[in-house]
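Novice: mmCIF, C-alpha atoms, file entry36.cif:
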data_protein
loop_
_atom_site.label_atom_id
_atom_site.label_comp_id
_atom_site.auth_asym_id
_atom_site.auth_seq_id
_atom_site.Cartn_x
_atom_site.Cartn_y
_atom_site.Cartn_z
CA MET A 1 -7.90 -35.59 13.17
CA ARG A 2 -6.95 -32.54 11.17
CA LYS A 3 -7.09 -30.31 14.21
CA PHE A 4 -4.89 -32.68 16.16
CA LEU A 5 -2.28 -32.63 13.40
CA ALA A 6 -2.45 -28.85 13.26
CA ILE A 7 -1.82 -28.58 17.00
CA VAL A 8 1.13 -30.96 16.78
CA LEU A 9 2.62 -28.94 13.93
CA LEU A 10 2.20 -25.71 15.87
CA VAL A 11 3.92 -27.19 18.92
CA ILE A 12 6.86 -28.37 16.81
CA LEU A 13 7.15 -24.92 15.21
CA ALA A 14 6.98 -23.20 18.59
CA ILE A 15 9.75 -25.39 20.00
CA GLY A 16 11.92 -24.76 16.95
CA ILE A 17 11.48 -21.01 17.06
CA ALA A 18 12.08 -20.84 20.80
CA GLN A 19 15.29 -22.83 20.46
CA SER A 20 16.72 -20.80 17.58
CA ILE A 21 15.56 -17.24 18.17
CA GLY A 22 15.52 -17.48 21.94
CA LYS A 23 19.28 -17.66 22.00
CA VAL A 24 19.63 -14.23 20.38
CA PRO A 25 19.89 -11.56 23.11
CA PHE A 26 16.96 -9.17 23.00
CA GLY A 27 17.53 -5.54 22.14
CA THR A 28 21.15 -5.58 21.07
CA PRO A 29 22.01 -4.44 17.54
CA LYS A 30 22.27 -7.52 15.35
CA THR A 31 23.85 -6.15 12.21
CA LYS A 32 26.25 -3.37 11.42
CA VAL A 33 24.22 -2.13 8.46
CA GLY A 34 21.77 -0.15 10.61
CA ARG A 35 24.60 1.66 12.34
CA TYR A 36 26.14 2.58 8.99
CA TYR A 37 22.85 3.95 7.69
CA ILE A 38 22.33 6.06 10.80
CA ASP A 39 25.85 7.47 10.75
CA ASN A 40 26.18 8.16 7.03
CA GLY A 41 22.59 8.37 5.81
CA VAL A 42 22.13 12.12 5.97
CA LYS A 43 25.52 12.85 4.44
CA GLU A 44 25.25 10.45 1.53
CA THR A 45 21.62 10.84 0.53
CA GLY A 46 20.63 14.20 1.99
CA ALA A 47 17.33 12.94 3.41
CA THR A 48 16.89 13.59 7.12
CA ASN A 49 14.30 10.84 7.39
CA ILE A 50 16.61 7.85 7.54
CA VAL A 51 13.86 5.34 6.79
CA THR A 52 13.25 7.21 3.52
CA SER A 53 16.93 7.08 2.69
CA VAL A 54 16.80 3.32 3.25
CA VAL A 55 13.55 2.81 1.32
CA LEU A 56 14.42 5.00 -1.66
CA GLY A 57 18.19 5.27 -1.55
CA TYR A 58 19.93 2.22 -0.25
CA ARG A 59 17.13 -0.24 -1.06
CA GLY A 60 15.31 1.54 -3.86
CA LEU A 61 14.91 -1.59 -5.95
CA ASP A 62 12.80 -3.21 -3.22
CA THR A 63 10.46 -0.23 -3.44
CA LEU A 64 10.10 -0.77 -7.16
CA GLY A 65 9.17 -4.39 -6.46
CA GLU A 66 6.64 -3.28 -3.85
CA VAL A 67 5.03 -0.83 -6.28
CA THR A 68 4.84 -3.65 -8.81
CA VAL A 69 3.16 -5.99 -6.32
CA LEU A 70 0.56 -3.33 -5.50
CA PHE A 71 -0.06 -2.77 -9.21
CA ILE A 72 -0.52 -6.49 -9.86
CA ALA A 73 -2.94 -6.78 -6.96
CA ALA A 74 -5.03 -3.84 -8.22
CA LEU A 75 -5.00 -5.34 -11.70
CA GLY A 76 -6.02 -8.76 -10.39
CA LEU A 77 -8.83 -7.24 -8.34
CA ALA A 78 -10.18 -5.36 -11.35
CA LEU A 79 -10.04 -8.53 -13.44
CA VAL A 80 -11.73 -10.73 -10.84
CA LEU A 81 -14.53 -8.23 -10.22
CA PHE A 82 -15.02 -7.40 -13.89
CA GLY A 83 -17.84 -9.69 -14.85
CA ARG A 84 -19.74 -9.52 -11.60
CA ALA A 85 -23.51 -9.32 -11.93
CA HIS A 86 -24.61 -5.97 -10.59
CA ASP A 87 -26.96 -6.33 -7.66
CA SER A 88 -28.70 -3.02 -8.09
CA GLY A 89 -32.15 -4.19 -7.16
CA GLU A 90 -31.52 -6.45 -4.22
CA GLN A 91 -29.64 -4.32 -1.73
CA ARG A 92 -30.85 -0.88 -0.95
CA ARG A 93 -28.16 1.55 0.02
CA GLU A 94 -28.96 3.60 3.04
CA PRO A 95 -28.23 7.24 2.38
CA ALA A 96 -25.59 8.75 4.58
CA SER A 97 -26.51 10.75 7.65
CA LEU A 98 -26.62 14.52 7.52
CA VAL A 99 -23.27 14.94 9.25
CA VAL A 100 -21.41 12.68 6.85
CA PHE A 101 -23.22 14.09 3.83
CA SER A 102 -22.43 17.70 4.66
CA GLY A 103 -18.96 17.01 5.89
CA CYS A 104 -17.59 14.78 3.17
CA ARG A 105 -17.54 17.36 0.42
CA PHE A 106 -15.87 19.85 2.72
CA LEU A 107 -13.37 17.37 4.10
CA PHE A 108 -12.27 15.69 0.87
CA PRO A 109 -9.94 18.52 -0.34
CA LEU A 110 -8.49 18.83 3.16
CA ILE A 111 -7.76 15.12 3.33
CA VAL A 112 -6.12 15.19 -0.10
CA LEU A 113 -4.09 18.21 1.03
CA PHE A 114 -2.94 16.40 4.14
CA GLY A 115 -1.98 13.32 2.17
CA THR A 116 -0.06 15.48 -0.29
CA TYR A 117 1.79 17.13 2.59
CA ILE A 118 2.76 13.73 3.96
CA PHE A 119 4.23 12.42 0.75
CA LEU A 120 5.81 15.72 -0.26
CA HIS A 121 7.78 15.89 2.99
CA GLY A 122 8.61 12.20 3.00
CA HIS A 123 12.32 12.84 3.04
CA LEU A 124 12.14 15.27 5.98
CA THR A 125 9.53 14.04 8.42
CA PRO A 126 8.10 10.60 9.14
CA GLY A 127 5.81 9.55 6.35
CA GLY A 128 6.34 9.10 2.67
CA GLY A 129 4.70 7.99 -0.51
CA PHE A 130 2.78 4.98 0.73
CA GLN A 131 1.43 6.69 3.81
CA GLY A 132 0.32 9.77 1.87
CA GLY A 133 -1.28 7.60 -0.79
CA ALA A 134 -3.25 5.69 1.83
CA ILE A 135 -4.53 8.98 3.28
CA ILE A 136 -5.67 10.13 -0.16
CA ALA A 137 -7.44 6.81 -0.70
CA SER A 138 -9.24 7.25 2.62
CA GLY A 139 -10.52 10.59 1.30
CA ILE A 140 -11.84 8.84 -1.79
CA LEU A 141 -13.53 6.28 0.45
CA LEU A 142 -15.13 9.07 2.47
CA VAL A 143 -16.62 10.61 -0.67
CA TYR A 144 -17.97 7.22 -1.71
CA LEU A 145 -19.61 6.73 1.68
CA GLY A 146 -20.94 10.25 2.05
CA CYS A 147 -22.13 11.41 -1.35
CA PRO A 148 -21.65 8.65 -3.94
CA ALA A 149 -23.13 10.76 -6.70
CA ARG A 150 -19.96 12.83 -6.75
CA ARG A 151 -17.35 10.19 -6.39
CA VAL A 152 -14.02 10.31 -8.16
CA LYS A 153 -14.28 8.95 -11.68
CA ARG A 154 -12.47 5.74 -12.44
CA PRO A 155 -10.72 6.75 -15.69
CA ARG A 156 -9.04 9.70 -13.99
CA LEU A 157 -7.66 7.45 -11.29
CA THR A 158 -6.35 5.04 -13.90
CA VAL A 159 -4.58 7.79 -15.82
CA VAL A 160 -2.92 9.19 -12.69
CA GLU A 161 -1.85 5.74 -11.59
CA SER A 162 -0.34 4.75 -14.91
CA LEU A 163 1.53 8.00 -15.45
CA SER A 164 3.04 8.08 -11.99
CA GLY A 165 4.10 4.45 -12.16
CA LEU A 166 5.72 5.18 -15.49
CA ALA A 167 7.45 8.23 -13.97
CA PHE A 168 9.08 6.09 -11.30
CA VAL A 169 10.57 3.70 -13.85
CA VAL A 170 11.62 6.55 -16.16
CA ILE A 171 13.49 8.26 -13.32
CA GLY A 172 15.29 5.01 -12.63
CA LEU A 173 16.19 4.62 -16.28
CA ILE A 174 17.47 8.20 -16.42
CA GLY A 175 19.75 7.32 -13.53
CA LEU A 176 20.87 4.29 -15.51
CA GLY A 177 21.61 6.43 -18.54
CA ILE A 178 23.49 9.11 -16.63
CA GLY A 179 25.52 7.19 -14.12
CA GLY A 180 25.32 3.56 -15.03
CA ALA A 181 23.20 2.47 -12.05
CA PHE A 182 19.44 2.05 -11.98
CA LEU A 183 17.79 4.57 -9.60
CA LEU A 184 21.06 6.45 -9.20
CA ASN A 185 20.63 9.72 -7.34
CA PHE A 186 21.58 12.07 -10.16
CA LEU A 187 20.23 15.34 -8.76
CA PRO A 188 22.35 17.28 -6.24
CA THR A 189 21.93 16.23 -2.63
CA GLY A 190 21.41 19.77 -1.38
CA SER A 191 21.47 20.83 2.25
CA ALA A 192 19.58 18.88 4.86
CA TYR A 193 16.12 19.96 6.15
CA ARG A 194 15.26 21.84 2.97
CA LEU A 195 12.27 20.80 0.88
CA ILE A 196 14.37 20.65 -2.29
CA SER A 197 17.04 18.24 -1.16
CA ALA A 198 17.95 14.58 -1.28
CA GLY A 199 18.18 14.44 -5.06
CA ILE A 200 15.46 12.42 -6.74
CA MET A 201 13.80 11.23 -3.53
CA PRO A 202 11.05 13.88 -3.29
CA ILE A 203 10.23 13.34 -6.97
CA ILE A 204 9.99 9.59 -6.54
CA TYR A 205 7.87 9.96 -3.43
CA VAL A 206 5.49 12.30 -5.28
CA ALA A 207 5.14 9.67 -7.99
CA ILE A 208 4.66 6.88 -5.45
CA GLY A 209 2.18 8.92 -3.40
CA LEU A 210 0.01 9.71 -6.41
CA LYS A 211 0.26 6.13 -7.65
CA VAL A 212 -0.66 4.50 -4.36
CA GLY A 213 -3.48 7.00 -3.77
CA ALA A 214 -4.97 6.39 -7.20
CA GLU A 215 -4.45 2.65 -6.89
CA LEU A 216 -6.08 2.24 -3.49
CA GLY A 217 -8.84 4.59 -4.63
CA GLY A 218 -9.36 2.37 -7.65
CA ILE A 219 -9.48 -0.67 -5.36
CA VAL A 220 -12.13 1.04 -3.22
CA ASP A 221 -14.04 1.92 -6.36
CA GLY A 222 -13.82 -1.64 -7.69
CA LEU A 223 -14.97 -3.17 -4.40
CA ALA A 224 -17.83 -0.69 -4.17
CA GLY A 225 -19.47 -1.70 -7.42
CA ASP A 226 -22.12 0.50 -8.88
CA GLY A 227 -23.56 1.76 -5.62
CA LYS A 228 -26.54 3.77 -6.73
CA MET B 1 19.18 5.29 17.80
CA VAL B 2 16.91 2.69 16.33
CA ASP B 3 17.66 0.45 13.39
CA PRO B 4 16.01 1.87 10.26
CA VAL B 5 16.20 -1.29 8.19
CA PRO B 6 13.36 -3.22 9.93
CA GLN B 7 11.13 -0.15 9.66
CA ALA B 8 11.69 0.05 5.92
CA LEU B 9 11.13 -3.68 5.46
CA VAL B 10 7.93 -3.63 7.53
CA LEU B 11 6.67 -0.73 5.39
CA THR B 12 7.09 -2.93 2.35
CA ALA B 13 5.49 -5.86 4.14
CA ILE B 14 2.43 -3.78 5.10
CA VAL B 15 1.88 -2.71 1.49
CA ILE B 16 2.23 -6.27 0.24
CA GLY B 17 -0.17 -7.45 2.96
CA VAL B 18 -2.76 -4.90 1.85
CA SER B 19 -2.39 -6.05 -1.77
CA VAL B 20 -2.88 -9.71 -0.91
CA LEU B 21 -5.83 -8.84 1.33
CA ALA B 22 -7.52 -6.84 -1.44
CA LEU B 23 -7.08 -9.66 -3.93
CA GLY B 24 -8.41 -12.23 -1.46
CA LEU B 25 -11.39 -10.02 -0.70
CA SER B 26 -12.26 -9.78 -4.38
CA LEU B 27 -12.13 -13.58 -4.62
CA ALA B 28 -14.40 -13.86 -1.58
CA ILE B 29 -16.90 -11.47 -3.21
CA ARG B 30 -17.05 -13.56 -6.37
CA LEU B 31 -17.31 -16.73 -4.32
CA TYR B 32 -20.28 -15.41 -2.41
CA ALA B 33 -21.94 -14.12 -5.58
CA HIS B 34 -21.58 -17.52 -7.21
CA TYR B 35 -22.38 -19.94 -4.40
CA GLY B 36 -24.58 -17.83 -2.15
CA THR B 37 -22.59 -18.83 0.93
CA LEU B 38 -19.05 -18.49 2.26
CA ASN B 39 -19.16 -21.71 4.27
CA LEU B 40 -16.46 -23.92 2.78
CA ARG B 41 -18.14 -27.19 3.83
CA LYS B 42 -21.34 -26.20 2.05
CA ILE B 43 -19.42 -25.14 -1.04
CA LYS B 44 -17.62 -28.47 -1.15
CA GLU B 45 -20.97 -30.23 -0.98
CA LEU B 46 -22.32 -28.28 -3.94
CA ARG B 47 -19.67 -29.64 -6.32
CA TRP B 48 -20.07 -27.85 -9.66
#
Output the structure of this file as structure tokens.
Specialist:
Amino acid sequence: MRKFLAIVLLVILAIGIAQSIGKVPFGTPKTKVGRYYIDNGVKETGATNIVTSVVLGYRGLDTLGEVTVLFIAALGLALVLFGRAHDSGEQRREPASLVVFSGCRFLFPLIVLFGTYIFLHGHLTPGGGFQGGAIIASGILLVYLGCPARRVKRPRLTVVESLSGLAFVVIGLIGLGIGGAFLLNFLPTGSAYRLISAGIMPIIYVAIGLKVGAELGGIVDGLAGDGK
Amino acid sequence: MVDPVPQALVLTAIVIGVSVLALGLSLAIRLYAHYGTLNLRKIKELRW
């Protein structure tokens, strides 16, 4: 009975979507906002990566909300997994193979370097804070899988995460104090294609990259448990 | 040129999706630790 109702609901939804969205011609520009960002993005914000100028410049407040959602999820995960009984005796961890064990210690600084490159150049090339942070977290995961005796300590991750999250909000408040608008771009725009350009955007992306890397690393650490 | 606004919004949506997935996974871990199974019908039968 329940499955029949579910199928009926899906058919109704499919008909509704086909009727409404099917009338919109495929591929044509729907709004004028995208055109404006493409034409004036580099001039106004100084970032050659237009997606970055949208994410941090024109819609910076949405990014603050996104960082908050990620923080709440990491907090919720830590709270839910706090009182879990540690299953140290029941499951035996298989030690990593020789290739992973030898490679992980050598690869971890390189992965962190690559992630740092991605979020440092977020305003120039495709990438940005969230992508670089995810790469750093994958390095932390590699160390956990390869040689868990040397994994990144949890308190350090927490400190990095908190300070960088605070830095993002403080930069926004400085913009509020200087110009009257939260997350106002108060540093000079500079010339395009230089590393020091686009005002506060590289600074914010550094903060976001470190925060997301530490946060996802903390999530990996929390899900891993003790892992002897 | 492509529209940058959907790319930026999808970036946000991916991050939010990862957050919700992580939280749901933690709940599933606790559920399994408590009930010994992830089968919802069996869990409903257990009843406290």
Novice: Considering all atoms listed in the file, give me a table of residues in range 76-124 of chain A that are at most 8 Å from range 27-41 of chain B, with the closest atom pair and distance in Å for each, as a Markdown table.
Specialist:
| residue | atom | partner | partner_atom | distance |
| --- | --- | --- | --- | --- |
| A:Val80 | CA | B:Leu27 | CA | 6.9 |
| A:Leu81 | CA | B:Arg30 | CA | 7.0 |
| A:Arg84 | CA | B:Arg30 | CA | 7.1 |
Novice: Residues of chain B within 6 Å of chain A: nearest atom pair and distance (Å, one decimal) for each, counting all atoms listed in the file, sorted by chain and number, as a Markdown table?
Specialist:
| residue | atom | partner | partner_atom | distance |
| --- | --- | --- | --- | --- |
| B:Asp3 | CA | A:Gly34 | CA | 5.0 |
| B:Pro4 | CA | A:Val51 | CA | 5.4 |
| B:Ala8 | CA | A:Val55 | CA | 5.7 |
| B:Ser19 | CA | A:Ala73 | CA | 5.3 |
| B:Leu23 | CA | A:Leu77 | CA | 5.3 |
| B:Ser26 | CA | A:Leu77 | CA | 5.8 |
Novice: Taking (20.5, 14.4, 1.4) in the file's own coordinates, collect the residues within 12 Å, counting only C-alpha atoms, and hand them back as a ChimeraX atom specification.
Specialist: /A:40-50,52-54,56-57,123-124,185-202
Novice: Do you know which residues are at most 12 Å from Ser138 in chain A counting all atoms listed in the file, after dropping those on the same chain fewer than 5 positions away, and could you put them as an MDAnalysis selection string?
Specialist: chainID A and resid 104 107:112 114:115 131:133 143:145 212:221
Novice: Might you pull out every residue within 10 Å of Val160 in chain A, with all atoms listed in the file counted and same-chain residues fewer than 2 positions away left off, and present them as a list in words?
Specialist: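 With the cut-off at 10 Å, the set is Pro155, Arg156, Leu157, Thr158, Ser162, Leu163, Ser164, Gly165, Leu166, Ala207, Leu210, Lys211, Val212, Gly213, Ala214 and Glu215 of chain A.
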Novice: Enter the distance from CA of Ile204 in chain A to CA of Phe168 in chain A, in Å, rounded to one decimal.
Specialist: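 Calculated distance between CA of Ile204 in chain A and CA of Phe168 in chain A is 6.0 Å.
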Novice: Do you have the CA of Leu183 in chain A-CA of Ala13 in chain B distance handy?
Specialist: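 A separation of 21.2 Å between them.
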Novice: Out of A:Gly209, A:Gly180, A:Pro148, A:Gly175, which residue has the shortest atom-to-atom distance to Gly129 in chain A when counting only C-alpha atoms?
Specialist: A:Gly209
Novice: Give, as JSON, the centre coordinates and the x, y and z edge lengths in Å to one decimal for an axis-aligned box around all listed atoms of range 35-40 of chain B, padded by 8 Å on each side.
Specialist:
{"center_x": -20.5, "center_y": -20.9, "center_z": -0.1, "size_x": 24.1, "size_y": 22.1, "size_z": 24.7}
Novice: Quick one: pull the distance between CA of Ala96 in chain A and CA of Gly139 in chain A, Å, one decimal.
Specialist: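 Interatomic distance, CA of Ala96 in chain A to CA of Gly139 in chain A: 15.5 Å.
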Novice: Could you pull range 21-33 of chain B out of the block above and give me all heavy atoms, as a compact mmCIF listing (two decimals), in the first residue's frame?
Specialist:
# COMPACT_ATOMS: atom_id res chain seq x y z
N LEU B 21 25.29 14.52 5.45
CA LEU B 21 25.69 13.11 5.33
C LEU B 21 26.50 12.68 6.54
O LEU B 21 26.32 11.58 7.08
CB LEU B 21 26.47 12.92 4.04
CG LEU B 21 26.86 11.50 3.71
CD1 LEU B 21 25.64 10.70 3.41
CD2 LEU B 21 27.80 11.49 2.53
N ALA B 22 27.45 13.56 6.97
CA ALA B 22 28.28 13.20 8.11
C ALA B 22 27.43 13.04 9.37
O ALA B 22 27.61 12.09 10.14
CB ALA B 22 29.36 14.27 8.33
N LEU B 23 26.49 13.95 9.55
CA LEU B 23 25.64 13.87 10.74
C LEU B 23 24.78 12.61 10.71
O LEU B 23 24.64 11.89 11.71
CB LEU B 23 24.75 15.11 10.82
CG LEU B 23 24.16 15.44 12.17
CD1 LEU B 23 25.23 15.49 13.22
CD2 LEU B 23 23.43 16.75 12.10
N GLY B 24 24.22 12.30 9.54
CA GLY B 24 23.42 11.09 9.41
C GLY B 24 24.23 9.83 9.64
O GLY B 24 23.76 8.86 10.24
N LEU B 25 25.49 9.86 9.19
CA LEU B 25 26.36 8.70 9.38
C LEU B 25 26.64 8.48 10.85
O LEU B 25 26.67 7.34 11.34
CB LEU B 25 27.66 8.92 8.60
CG LEU B 25 28.56 7.72 8.39
CD1 LEU B 25 27.78 6.63 7.72
CD2 LEU B 25 29.74 8.12 7.54
N SER B 26 26.85 9.59 11.60
CA SER B 26 27.10 9.43 13.03
C SER B 26 25.88 8.84 13.72
O SER B 26 26.00 7.98 14.61
CB SER B 26 27.49 10.77 13.64
OG SER B 26 26.37 11.61 13.70
N LEU B 27 24.68 9.26 13.29
CA LEU B 27 23.46 8.70 13.88
C LEU B 27 23.34 7.21 13.56
O LEU B 27 22.94 6.41 14.41
CB LEU B 27 22.24 9.44 13.36
CG LEU B 27 22.04 10.84 13.92
CD1 LEU B 27 20.88 11.52 13.24
CD2 LEU B 27 21.80 10.77 15.41
N ALA B 28 23.73 6.83 12.33
CA ALA B 28 23.66 5.42 11.95
C ALA B 28 24.64 4.59 12.78
O ALA B 28 24.33 3.45 13.18
CB ALA B 28 23.98 5.27 10.46
N ILE B 29 25.82 5.17 13.09
CA ILE B 29 26.80 4.44 13.91
C ILE B 29 26.24 4.18 15.30
O ILE B 29 26.33 3.07 15.83
CB ILE B 29 28.12 5.23 13.98
CG1 ILE B 29 28.82 5.21 12.64
CG2 ILE B 29 29.03 4.67 15.04
CD1 ILE B 29 30.10 5.98 12.63
N ARG B 30 25.63 5.21 15.90
CA ARG B 30 25.07 5.03 17.23
C ARG B 30 23.90 4.05 17.21
O ARG B 30 23.72 3.26 18.14
CB ARG B 30 24.61 6.36 17.80
CG ARG B 30 25.73 7.23 18.30
CD ARG B 30 26.61 6.52 19.28
NE ARG B 30 25.97 6.25 20.54
CZ ARG B 30 26.12 7.00 21.62
NH1 ARG B 30 26.87 8.05 21.58
NH2 ARG B 30 25.49 6.69 22.73
N LEU B 31 23.12 4.11 16.14
CA LEU B 31 21.98 3.20 16.01
C LEU B 31 22.45 1.75 15.98
O LEU B 31 21.91 0.88 16.66
CB LEU B 31 21.22 3.55 14.73
CG LEU B 31 19.76 3.18 14.64
CD1 LEU B 31 18.99 3.91 15.69
CD2 LEU B 31 19.24 3.55 13.27
N TYR B 32 23.49 1.51 15.19
CA TYR B 32 24.00 0.15 15.09
C TYR B 32 24.61 -0.30 16.40
O TYR B 32 24.47 -1.45 16.81
CB TYR B 32 25.03 0.05 13.97
CG TYR B 32 25.53 -1.35 13.77
CD1 TYR B 32 24.75 -2.29 13.10
CD2 TYR B 32 26.76 -1.75 14.26
CE1 TYR B 32 25.18 -3.57 12.93
CE2 TYR B 32 27.20 -3.03 14.08
CZ TYR B 32 26.41 -3.95 13.41
OH TYR B 32 26.84 -5.22 13.23
N ALA B 33 25.32 0.62 17.08
CA ALA B 33 25.94 0.24 18.35
C ALA B 33 24.88 -0.10 19.39
O ALA B 33 25.08 -0.94 20.25
CB ALA B 33 26.84 1.38 18.84
